[in-house]
Structure formats: structure tokens, C-alpha cells
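*Asks:* Before we start, here is the structure in question, set down as C-alpha cells.
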Amino acid sequence: MADVKKYKTKDLVLEVKKNYNPQKLNLKQWINFLDVLCGDREYQKEAISSAIVYLASGEYKSIENLIEENYSNNPELRKRYKDIYEYQKSLPLPHKLSAVIDLATGTGKSYLIYGIAQIALGIGLVDKVLVLCPSLTIESGLKEKFENLSGDDKIKATLPDTAVFKNPRIIDANITIKNGDICVENIHAVYKKTGSSINDSLKDNGERVLVLNDEIHHTYNSIGDKDIKKWREFLLSPDFNFKYMLGFTGTAYSNNEYFNDVIYRYSIRQAVDEKVIKSVDYVVKDEAVGKDEKFQEIYDNHNEFVNKYHLIKPLTILITKDISKAKSLQEDLIDFLQKREKISREAVENKVLIVTSHKDHKKNLVELKNVDDKDNSVEWIVSVSMLTEGWDVKNVFQIVPWEDRAFNSKLLIAQVLGRGLRIPEEYKSPQPKVRVFNHDAWSRNIKGLVNEILEIEVRLTSEILTKGERSKYHFDLYHINYDKKEKAVKAKKNTEIFDYSKGYINLVAQVEKIEREAEYEDLGGIIKPKTTIIHKEVLSIDEVVDKIVETFRTRDFEAKIRFPKGEYKKEKLPPKDEIREIVEESMKRRGIKSGVLTEDNALRIFKAFQTLFRAKGSTIVLDRIVNKPIKLSTKSLEKESAGVSAVRHGTTVFHTENYKDECNEELPDVLKDIIEDQNLPRSASKEVNHYCFKTPVNIVLTKQEPERKFVEILINQKLHEKIDAWIKSRDVGFYSIEYSWRKGEHPTQSGFNPDFFIKVGNNIVVVEIKSDGDDSPENKAKYKWAKKHFEALNSELKKSKIKQKYYFHFLSPQSYTEFSEYLADGRLFKGKFESTLEELLEN
């Protein structure tokens, strides 16, 4: 039997160059547009940027150029195709600047399509954009979304002044397509003999048209009706000679093979892990026998979600392979519900909606827009698998593939899962789940397919020990919560003499625009740079002077003021011209010629005068009121997991020689493979003498070198004898400390979970691990608020006569040796220890 080739899907994605000539393509001027359009959905910004670089940077003339570049650099592509000619021959849209973006359903594909269209029009790459889709339902949804985006004032305000076309007109092919238009049309209209303007508007003009194809998998799979089959013919037609074309899908599969022209992928698994969409459960074992028992289980699941998500109306979707099966299932379901709920058949029929391409059911497609409404009667939807696209339904919590033929390919699985992945606004957190209720009898046959779609890989799981020798290392901790109460703080007046006789106020050098580059690291250790053009807030000289004069008029001041031309007090206000002269002289001395002051310099001038005025009233601040200590046990520590692939990229798994007894299910075999794999880094796994491993979990996972080195200190002989027990905490959920800081111009409140808790007698040492020198503003805020937290906690514990005391430290590898010494000899508990990083954070 021939070997079956297997590939990780992510390794088949074609990489677009990140470096290109900025004189040919200036994407920086579109940063604000992308920020407003996409919000904090960074994957959308990355996808749009990759697409525009591919189409407009001049680095590529066709998809074949991109293939050549990637084939030589990617060994997985060389495994898939014996040579580059075999690869290029298999391209679905050759000799064009064509490609596909694979974005999981429910993650905002329409934002990508609009963003790419607007930028392509704005930079003058094309004159028109044609958006094609497979159905009227999708066409209607896209038009509505695009009209809202095109008319959004916030988005309009971000468009560069140099943009060739702004705020595109959103039309369909019933009218002439003009320059600057985005025409949204379903593929069926393309082939109409009359009524469509596509032929007249675009023929012989294809090189100045960008074609964006939603649900492109229809084209690549050549399924459906005759118009769908002709979709690709239209794209490749010499009558139009289209040059630029992109496809969009969440199901990039043909005959269970991943598309070979994907330039960006945001998978279901990534979206689940980042909590953008629901997580997924599916059946692996089920003892129900017969249709009625299956209906009861499905009904029980449905009621569970009705009770759990009571703010909305949860939906169950049942999927069949064809129309006849859908009709039969609808009747069976209505029969069951009528008996179960003991209500009239008419009432039950109002709860069940069937959606197929049959003429009797077409009106139901319109009804799909309303099924999320709580006052809508529909709770159950029966659908044919290939008609599950174009729905933006968010309240689906159960999906039932009724037969294996509705769930037996990667394409169908991805489509079916996609129907239930969107998250309702009312239940953003904690992340909800959609349940896929399939037959366990055939789940074994599809398990591999489902695992590939969901990218389920073998994972290492750290969890608490409830038995065995090391379970004795559990211990109790204390935490405190806060109530917040408004408190008025009275200001003081000032009666000094202020001398401005020198005629100026010290300002700082200023620029009105500045580029800032930041680097962002995700939990996987991937660092991504981002450059942002900062437009500083500015005030004119008149605005500054008028504000000072108005303040003089409306507020009392006790001080005397000396100006170059005289002395002033309340009875004699300084003339406006003299104030203006001081402002202008201040700007002149600092070389500011723009005629405006940045907010920073304007504030310096305001502050110079502000202290003159008698404070009125009081300032309202939030006062934190400490509540009584709360006890929590390390036994409540939640599970933490990491994919086996992570050990290749910095993750280390610490285990004892007894791991086979301490780990459940498949984990011992997985660990054995890791331990014996000579190709893994030496840091992938570390065996620890169980006498030295004083932590009540089966394994400890560290993500980066600083954490790994710290665990190595805790288990070495010098310290483990001094320590009673310790835990590596979780990233979220176990022990969170609130802090606030200024992120840019805006105050931000968040929470962080310290990395380690170490028990030494009645002392608890709490440690947050960072890299050497990481004194970022956010870390300074964490350090400040954590110190306050543990000071307050210690005070409350003392009042409550609880014999436990907390010592909090920020540590980096630079101070590990000193920390170890001070902990071992007790100086740490006398307040003698301060790390190098803490010194930086204090300053």
C-alpha cells in the first residue's frame, strides 16, 4: 500500500514577503483605517495587509511568482509536489494575481473583503471592485454590511487625503458599474442575458478591476448548479481578462485536500484559542439506541442551553445530505416535539424552520435573518449541508449532523461547524461552546477529519494531584477583593508671588507627527512589530491664550504676577497681548515654527498659570475598600495544557521519575515519546527527583527560558530543603491582582496572575517572572498595585489573627542567585531583598 502523505495545514500556506519597496506601496497611511475598521482583531489587519502587499507591491506578477518563492523555501511544499511544474499545473486560477484567504467562519470575513476593496480603490490599483458570491442570501448580507461601513463617519475620517477613491458606492449589477464602485452580485446574475451590467461595464477592462470571490470553495469544487460550475470560467474568460482576484472561504478544501493558493489562514483552532468564536464539543461515545432516544438526547441538550443561556434564545440546527432527507427529518422532529411538549402541531411547526433550495422553502431563507430574535418562535432549524452558508446566526449551541454523509469530508465538517461558531454579545465571557451531536458509531471514521479541521493535536496537561505522595504539597492561600467608593479630595489654594518678568516659559522640543514602533509578543512567544503614526493633539496660540484669559476672568487668584511690563493682581488683570507675547517668546526660544503647541507644551503653559488660582470645590477619586480575606486552596488550580509541538519552541515539561503513575490516560505515552526523542531540544523535558519536586501537580509546564530557570532553582538542593511546597500558577483564573495604568493616552484597568507561590512555614513568597530589564510602564503598574495588594492583605490577615504573611517580588534571571541565597538564609523575610528589576521598577 502506498504511503499516505500528511501535512500540517499551516505549513501549506504561502508566505507573502514582508519587505517591499515603500515608494511603490505606502501602507502606513492606511494604519488608522485598519485600526478603526478592524478594532483589536489583529488577524484581520494582517490578512488585509498581506493581500494588498501581494496585489500591489510590484513584487509579484502572478501567483506563479509566489509559488516559485515559497517552493524553494518550504520543504512541506516540496513533499506535496514532486516539482514546481506539477504544483503550477494544479493551480485553479493560473497566470493571474490570484490567491485565497482562509478565515474561520464567524471571524469577520466581510471586514476583510471591504478593507481590501477600499484600499485597492484608494491606492489606485484598480478603478472598480466586483464582489461575487454564490447566493442571494450572501449578496444581501454583504451589501448591508458594506453600506454600513462605507457610510461610517469614523471610517471616513481615517481615509488618507491622497486616496483616489473614497467611500465607495455599494451597488449591484442592475445599474452601470462606475469608477470607484463596489458591485456586489451573486454569480447567477453574471450569466443573465438581460438586466446585468457586468458585461457592458467590465468587458475588455478587466485589468482595472479587482474581483473578490466570497465562498470561493464553490468555484474550486465545481459543485452545485450550472452557474456555480461556470464561475471559474467567468474569472478566466479572455473577454474580461481579469488580472487581480482573491477568494475568501472558511472551508478551503477540495476532495479533503487543502487549497494550494492560500496566502493567509486564520483557522478555527486559532479563533477558538483566542476566544473569537465558540469552542467545540463533539460526541465520541453514545449509548442511545434508535431515533427516539437520539431525539431525546438532542432535546435534553437543547433545554440545557435554554436554561444556561436564558438571556437569549438558543438554537439547534440539524443537517442532512439532501432535500428529501431534510423533509423527512422535519416531519419526524415535529412529531417528537408535539408529543414531548404536549402542544398543538401548529405551535410546534412555528418552532421548526426548514431551509433548502426547494421552491417551497425559499421564503424561509428570509426568515433566517430573524431567528436570533428572542420573540421569534423558531428554536429548531433543519438544513441541507450545502445550504449552510451566508447565515450570521449567533445563537446556535447545538449542531446535529443527521447522517455521516452530511459530515464526511473536510469541506462539509468545516461548513457544518461554521454554523455554530459565532458568539452572542450577551455571552462573550466565559467562552461558550457549541455541541456537535454526531453518531458515535461513525465518529471513529470522521475523527481524523475533525481533528484536522480543529487542529486537535496531542496536548500535555498539567493538573492537580488528588492522591499519591506529592498530593501532600497542597496548601491554602488568602486573597482579598475590593469595593470601590467615590471620595472627594479638597484642593488647596496658593498665595505665592509668580515671576514671569523674564518673558517666557520653558517648553520642550516638539513635533506634531511621530512614528512609533512597538513589538507585541503573544503567549506562543511570537513577536510582531507594528509601526503607528502618532498625530499629536495640538492647540493654536489663540486657543491657549483665550483659555488663560478666560480662566483669569472666571476664577479668583490670590497670587501676585510679575510680567515683563508690570505687576498684576486681582484688581488688575494681565493684558491679553502680554500673555500672547509670553507664549510666542516661549515657542521662539524652543524653535517651534508651526504656530501650534502640542498638548504637552500647552499643558506646560497652563500649569505655569494654573497654580495662581484658588482651588474651587474638590476632586472625586475612587477609593478602594478592602474586604475580608478569602481562603483558597491550590486544589482549585485549573488544568493548563500545551501542544506537544510547543516543546520545539521553548516550552519545557518538568516531571518526576514516577510520571507513569502520576499522569492520566495517554499522557505517560506522550511524555515517554518526548523524553526519548533525540531530535527535540535538550530543554524539552526535565526529570526531577520526586523528593525534590514539592508541587502538587503531575507536571509543570514553563513557556520560556526565564520560567524554566526559575523552576530549576526551586528544585535544586539548596532551596528544596527550605521550601515546604510551591505552585506555578495559571495565566488566568486562579489568583488575579487588579492594576491600572495608562496605555497611550487612556487609563486602562486589567488584572494579572503572579507566576509562582512558594510556601515556607507561615510565609508565602509570591513571584512574578520577567526578562532582564523589562521595566515597561505596564510592569511598573503591576509592581505598584501588587505591592499595595499584599500590604493590604498582610494587614487584614494580622487583624484577623491568621498566621500567614506574604512577600511579593518581581524577578528576572539576573537576580535568581541572590533570591536563592536570601530565601535560603531567611534574609528575604526580614525585608532585605530587592531584585535588580525591582530597582528599575521603583524608579
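Chain lettering (A, B, ...) mirrors the order of the C-alpha cells, residue numbering begins at 1 for each chain separately, and ligand numbering begins at 1 in order of display.
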When you look at Lys369 (chain A) with a cut-off of 10 Å (counting only C-alpha atoms), what residues show up, excluding the ones that are within fewer than 4 positions of it in the same chain? I need them as JSON, numbers by chain.
*Replies:* {"A": [137, 141, 364, 365, 373, 391, 392, 393]}
*Asks:* Mind dumping the selected residues with N, CA and C atoms as an mmCIF file, in the first residue's frame?
*Replies:*
```cif
data_model
loop_
_atom_site.group_PDB
_atom_site.id
_atom_site.type_symbol
_atom_site.label_atom_id
_atom_site.label_comp_id
_atom_site.auth_asym_id
_atom_site.auth_seq_id
_atom_site.Cartn_x
_atom_site.Cartn_y
_atom_site.Cartn_z
ATOM 1 N N THR A 137 -28.829 35.269 -0.548
ATOM 2 C CA THR A 137 -28.718 35.479 0.910
ATOM 3 C C THR A 137 -27.399 36.153 1.254
ATOM 4 N N GLY A 141 -26.624 40.099 2.554
ATOM 5 C CA GLY A 141 -25.872 40.359 3.789
ATOM 6 C C GLY A 141 -24.651 41.214 3.557
ATOM 7 N N ASN A 364 -38.189 30.728 3.542
ATOM 8 C CA ASN A 364 -37.575 30.520 4.847
ATOM 9 C C ASN A 364 -36.176 31.106 4.934
ATOM 10 N N LEU A 365 -35.508 31.290 3.773
ATOM 11 C CA LEU A 365 -34.182 31.923 3.779
ATOM 12 C C LEU A 365 -34.258 33.332 4.355
ATOM 13 N N ASP A 373 -33.757 36.607 17.160
ATOM 14 C CA ASP A 373 -34.609 37.465 17.984
ATOM 15 C C ASP A 373 -35.329 36.622 19.030
ATOM 16 N N TRP A 391 -25.267 32.591 6.693
ATOM 17 C CA TRP A 391 -26.069 32.893 7.882
ATOM 18 C C TRP A 391 -25.186 33.594 8.891
ATOM 19 N N ASP A 392 -25.668 34.641 9.492
ATOM 20 C CA ASP A 392 -24.949 35.288 10.586
ATOM 21 C C ASP A 392 -25.640 35.006 11.911
ATOM 22 N N VAL A 393 -26.186 33.812 12.049
ATOM 23 C CA VAL A 393 -26.888 33.419 13.271
ATOM 24 C C VAL A 393 -25.862 33.178 14.373
#
```
*Asks:* Report the closest atom pair, with its distance in Å rounded to one decimal, for each residue of region 169-280 of chain A that has an atom no farther than 8 Å from region 425-441 of chain A; count only C-alpha atoms, sort by chain and then rising residue number, and write it as JSON lines.
*Replies:*
```
{"residue": "A:Lys275", "atom": "CA", "partner": "A:Gln431", "partner_atom": "CA", "distance": 6.2}
{"residue": "A:Ile277", "atom": "CA", "partner": "A:Gln431", "partner_atom": "CA", "distance": 7.9}
{"residue": "A:Lys278", "atom": "CA", "partner": "A:Lys433", "partner_atom": "CA", "distance": 4.9}
{"residue": "A:Ser279", "atom": "CA", "partner": "A:Lys433", "partner_atom": "CA", "distance": 4.5}
{"residue": "A:Val280", "atom": "CA", "partner": "A:Val434", "partner_atom": "CA", "distance": 5.1}
```
*Asks:* Which residues, written as a ChimeraX atom specification, have at least one atom at most 8 Å from Phe710 (chain A), with only C-alpha atoms counted and residues fewer than 4 positions away on the same chain left out?
*Replies:* /A:706,714,813,816
*Asks:* Keeping only C-alpha atoms, write the selected residues to a file as a PDB file, in the first residue's frame.
*Replies:*
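Written out: out.pdb:
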```pdb
ATOM      1  CA  PRO A 706      13.218  32.717  32.491  1.00  0.00           C
ATOM      2  CA  LEU A 714      13.191  25.726  43.170  1.00  0.00           C
ATOM      3  CA  PRO A 813      17.231  35.754  35.780  1.00  0.00           C
ATOM      4  CA  TYR A 816      17.994  34.438  40.670  1.00  0.00           C
TER       5      TYR A 816
END
```
*Asks:* Among region 252-378 of chain A, which ones does DSSP assign to alpha helix (DSSP H) (computed from the backbone)? Answer as a PyMOL selection string.
*Replies:* chain A and resi 268-273+290-308+323-341+345-349+362-367
*Asks:* Name the residues in contact with Leu680 (chain A) at a cut-off of 9 Å, using only C-alpha atoms, excluding same-chain residues fewer than 4 positions from it; report them as a ChimeraX atom specification.
*Replies:* /A:647-648,674-676,684
*Asks:* Calculated over only C-alpha atoms, which of the candidates A:Asp673, A:Ile480, A:Arg580, A:Gly468 has the smallest distance to His690 (chain A)?
*Replies:*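 Using only C-alpha atoms, the shortest distance to His690 (chain A) belongs to A:Gly468.
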*Asks:* I want to know what sits within 6 Å of region 101-110 of chain A, based on only C-alpha atoms, with residues of the same chain fewer than 6 positions away left out; could you give that as a VMD selection string?
*Replies:* chain A and resid 248 to 250 262 to 268 418 422
*Asks:* If I take CA of Asn241 (chain A) and CA of Gly206 (chain A), how far is one from the other in Å, to one decimal?
*Replies:* 5.0 Å
*Asks:* Using only C-alpha atoms, which of the listed residues (A:Glu144, A:Asp292, A:Glu139, A:Asp35) sits closest to Ala157 (chain A)?
*Replies:*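 Among A:Glu144, A:Asp292, A:Glu139, A:Asp35, it is A:Asp35 that comes nearest to Ala157 (chain A).
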*Asks:* Which of these, A:Asp273, A:Lys784, A:Lys294, A:Ser383, has the shortest distance to Thr320 (chain A) once you count only C-alpha atoms?
*Replies:* A:Ser383
*Asks:* Excluding same-chain residues fewer than 2 positions from Lys787 (chain A), what lies within 12 Å of it counting only C-alpha atoms, as a short mmCIF file (atom, residue, chain, number, x, y, z; two decimals) with N, CA and C atoms, in the first residue's frame?
*Replies:*
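The resulting file, around05.cif, is shown below:
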```cif
data_model
loop_
_atom_site.label_atom_id
_atom_site.label_comp_id
_atom_site.auth_asym_id
_atom_site.auth_seq_id
_atom_site.Cartn_x
_atom_site.Cartn_y
_atom_site.Cartn_z
N ILE A 737 -4.69 39.78 40.31
CA ILE A 737 -4.49 41.05 41.01
C ILE A 737 -4.82 42.18 40.05
N GLU A 738 -5.69 43.07 40.49
CA GLU A 738 -6.12 44.19 39.65
C GLU A 738 -5.06 45.28 39.64
N TYR A 739 -4.86 45.89 38.46
CA TYR A 739 -3.95 47.03 38.38
C TYR A 739 -4.45 47.99 37.31
N PRO A 754 0.19 36.37 39.27
CA PRO A 754 1.61 36.11 39.55
C PRO A 754 1.98 34.68 39.20
N VAL A 766 5.54 35.33 46.80
CA VAL A 766 4.83 35.43 45.52
C VAL A 766 5.79 36.06 44.51
N VAL A 767 5.96 35.41 43.36
CA VAL A 767 6.97 35.84 42.39
C VAL A 767 6.35 36.01 41.01
N GLU A 768 6.63 37.16 40.41
CA GLU A 768 6.29 37.40 39.00
C GLU A 768 7.60 37.40 38.22
N LYS A 780 5.61 48.36 35.62
CA LYS A 780 5.69 49.27 36.77
C LYS A 780 4.35 49.35 37.49
N ALA A 781 3.27 49.37 36.70
CA ALA A 781 1.95 49.42 37.30
C ALA A 781 1.62 48.12 38.02
N LYS A 782 1.96 47.00 37.41
CA LYS A 782 1.73 45.70 38.06
C LYS A 782 2.46 45.63 39.40
N TYR A 783 3.71 46.07 39.39
CA TYR A 783 4.53 46.02 40.61
C TYR A 783 3.94 46.91 41.70
N LYS A 784 3.56 48.13 41.30
CA LYS A 784 3.00 49.08 42.27
C LYS A 784 1.73 48.54 42.90
N TRP A 785 0.78 48.05 42.07
CA TRP A 785 -0.51 47.62 42.60
C TRP A 785 -0.41 46.29 43.34
N HIS A 789 -1.49 45.53 47.09
CA HIS A 789 -2.40 44.42 47.36
C HIS A 789 -1.89 43.58 48.53
N PHE A 790 -0.61 43.20 48.47
CA PHE A 790 -0.12 42.30 49.51
C PHE A 790 0.12 43.03 50.84
N GLU A 791 0.38 44.33 50.79
CA GLU A 791 0.43 45.11 52.05
C GLU A 791 -0.94 45.11 52.70
N ALA A 792 -1.99 45.35 51.89
CA ALA A 792 -3.35 45.34 52.43
C ALA A 792 -3.73 43.95 52.93
N LEU A 793 -3.35 42.92 52.19
CA LEU A 793 -3.66 41.55 52.59
C LEU A 793 -2.98 41.22 53.92
N ASN A 794 -1.70 41.56 54.05
CA ASN A 794 -0.99 41.28 55.30
C ASN A 794 -1.64 42.00 56.48
N TYR A 806 2.72 37.53 53.43
CA TYR A 806 3.05 37.47 52.00
C TYR A 806 4.22 38.40 51.68
N TYR A 807 5.11 37.90 50.81
CA TYR A 807 6.26 38.67 50.33
C TYR A 807 6.24 38.62 48.80
N PHE A 808 6.04 39.78 48.18
CA PHE A 808 5.91 39.83 46.72
C PHE A 808 7.17 40.37 46.08
N HIS A 809 7.61 39.71 44.98
CA HIS A 809 8.80 40.18 44.26
C HIS A 809 8.66 39.99 42.76
N PHE A 810 9.16 41.01 42.03
CA PHE A 810 9.35 40.89 40.59
C PHE A 810 10.78 40.39 40.38
N GLU A 838 13.39 45.06 40.29
CA GLU A 838 12.55 45.87 41.20
C GLU A 838 13.12 47.27 41.37
N LEU A 841 11.97 49.14 38.45
CA LEU A 841 10.54 49.42 38.52
C LEU A 841 10.23 50.50 39.56
N GLU A 842 11.01 50.55 40.61
CA GLU A 842 10.82 51.58 41.64
C GLU A 842 11.10 52.97 41.09
#
```
*Asks:* Can you work out which one of A:Phe752, A:Tyr504, A:Phe654, A:Tyr43 has the shortest atom-to-atom distance to Thr461 (chain A), counting only C-alpha atoms?
*Replies:*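 Answer, going by the shortest atom-to-atom distance: A:Phe654.
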*Asks:* So that I can check the surroundings of Tyr735 (chain A), please list as a PyMOL selection string every protein, DNA and RNA residue that reaches within 8 Å of it, counting only C-alpha atoms and ignoring chain neighbours fewer than 6 positions away.
*Replies:* chain A and resi 479+729+753-754
*Asks:* Just list as a PyMOL selection string whatever in region 178-414 of chain A DSSP marks as strand (DSSP E).
*Replies:* chain A and resi 181-186+209-214+244-249+253-254+257-258+262-266+279-282+315-320+352-355+380-384+396-401
*Asks:* Using only C-alpha atoms, which residue out of A:Lys722, A:Leu460, A:Glu666, A:Ala824 lies closest to Thr702 (chain A)?
*Replies:* A:Leu460
*Asks:* Hey, can you check how far CA of His649 (chain A) sits from CA of Asn679 (chain A)?
*Replies:* 12.6 Å
*Asks:* With only C-alpha atoms as the basis for distance, which of A:Leu132, A:Val416, A:Val760, A:Ile319 is at the shortest distance from Ala173 (chain A)?
*Replies:*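 Nearest candidate to Ala173 (chain A) out of A:Leu132, A:Val416, A:Val760, A:Ile319: A:Leu132.
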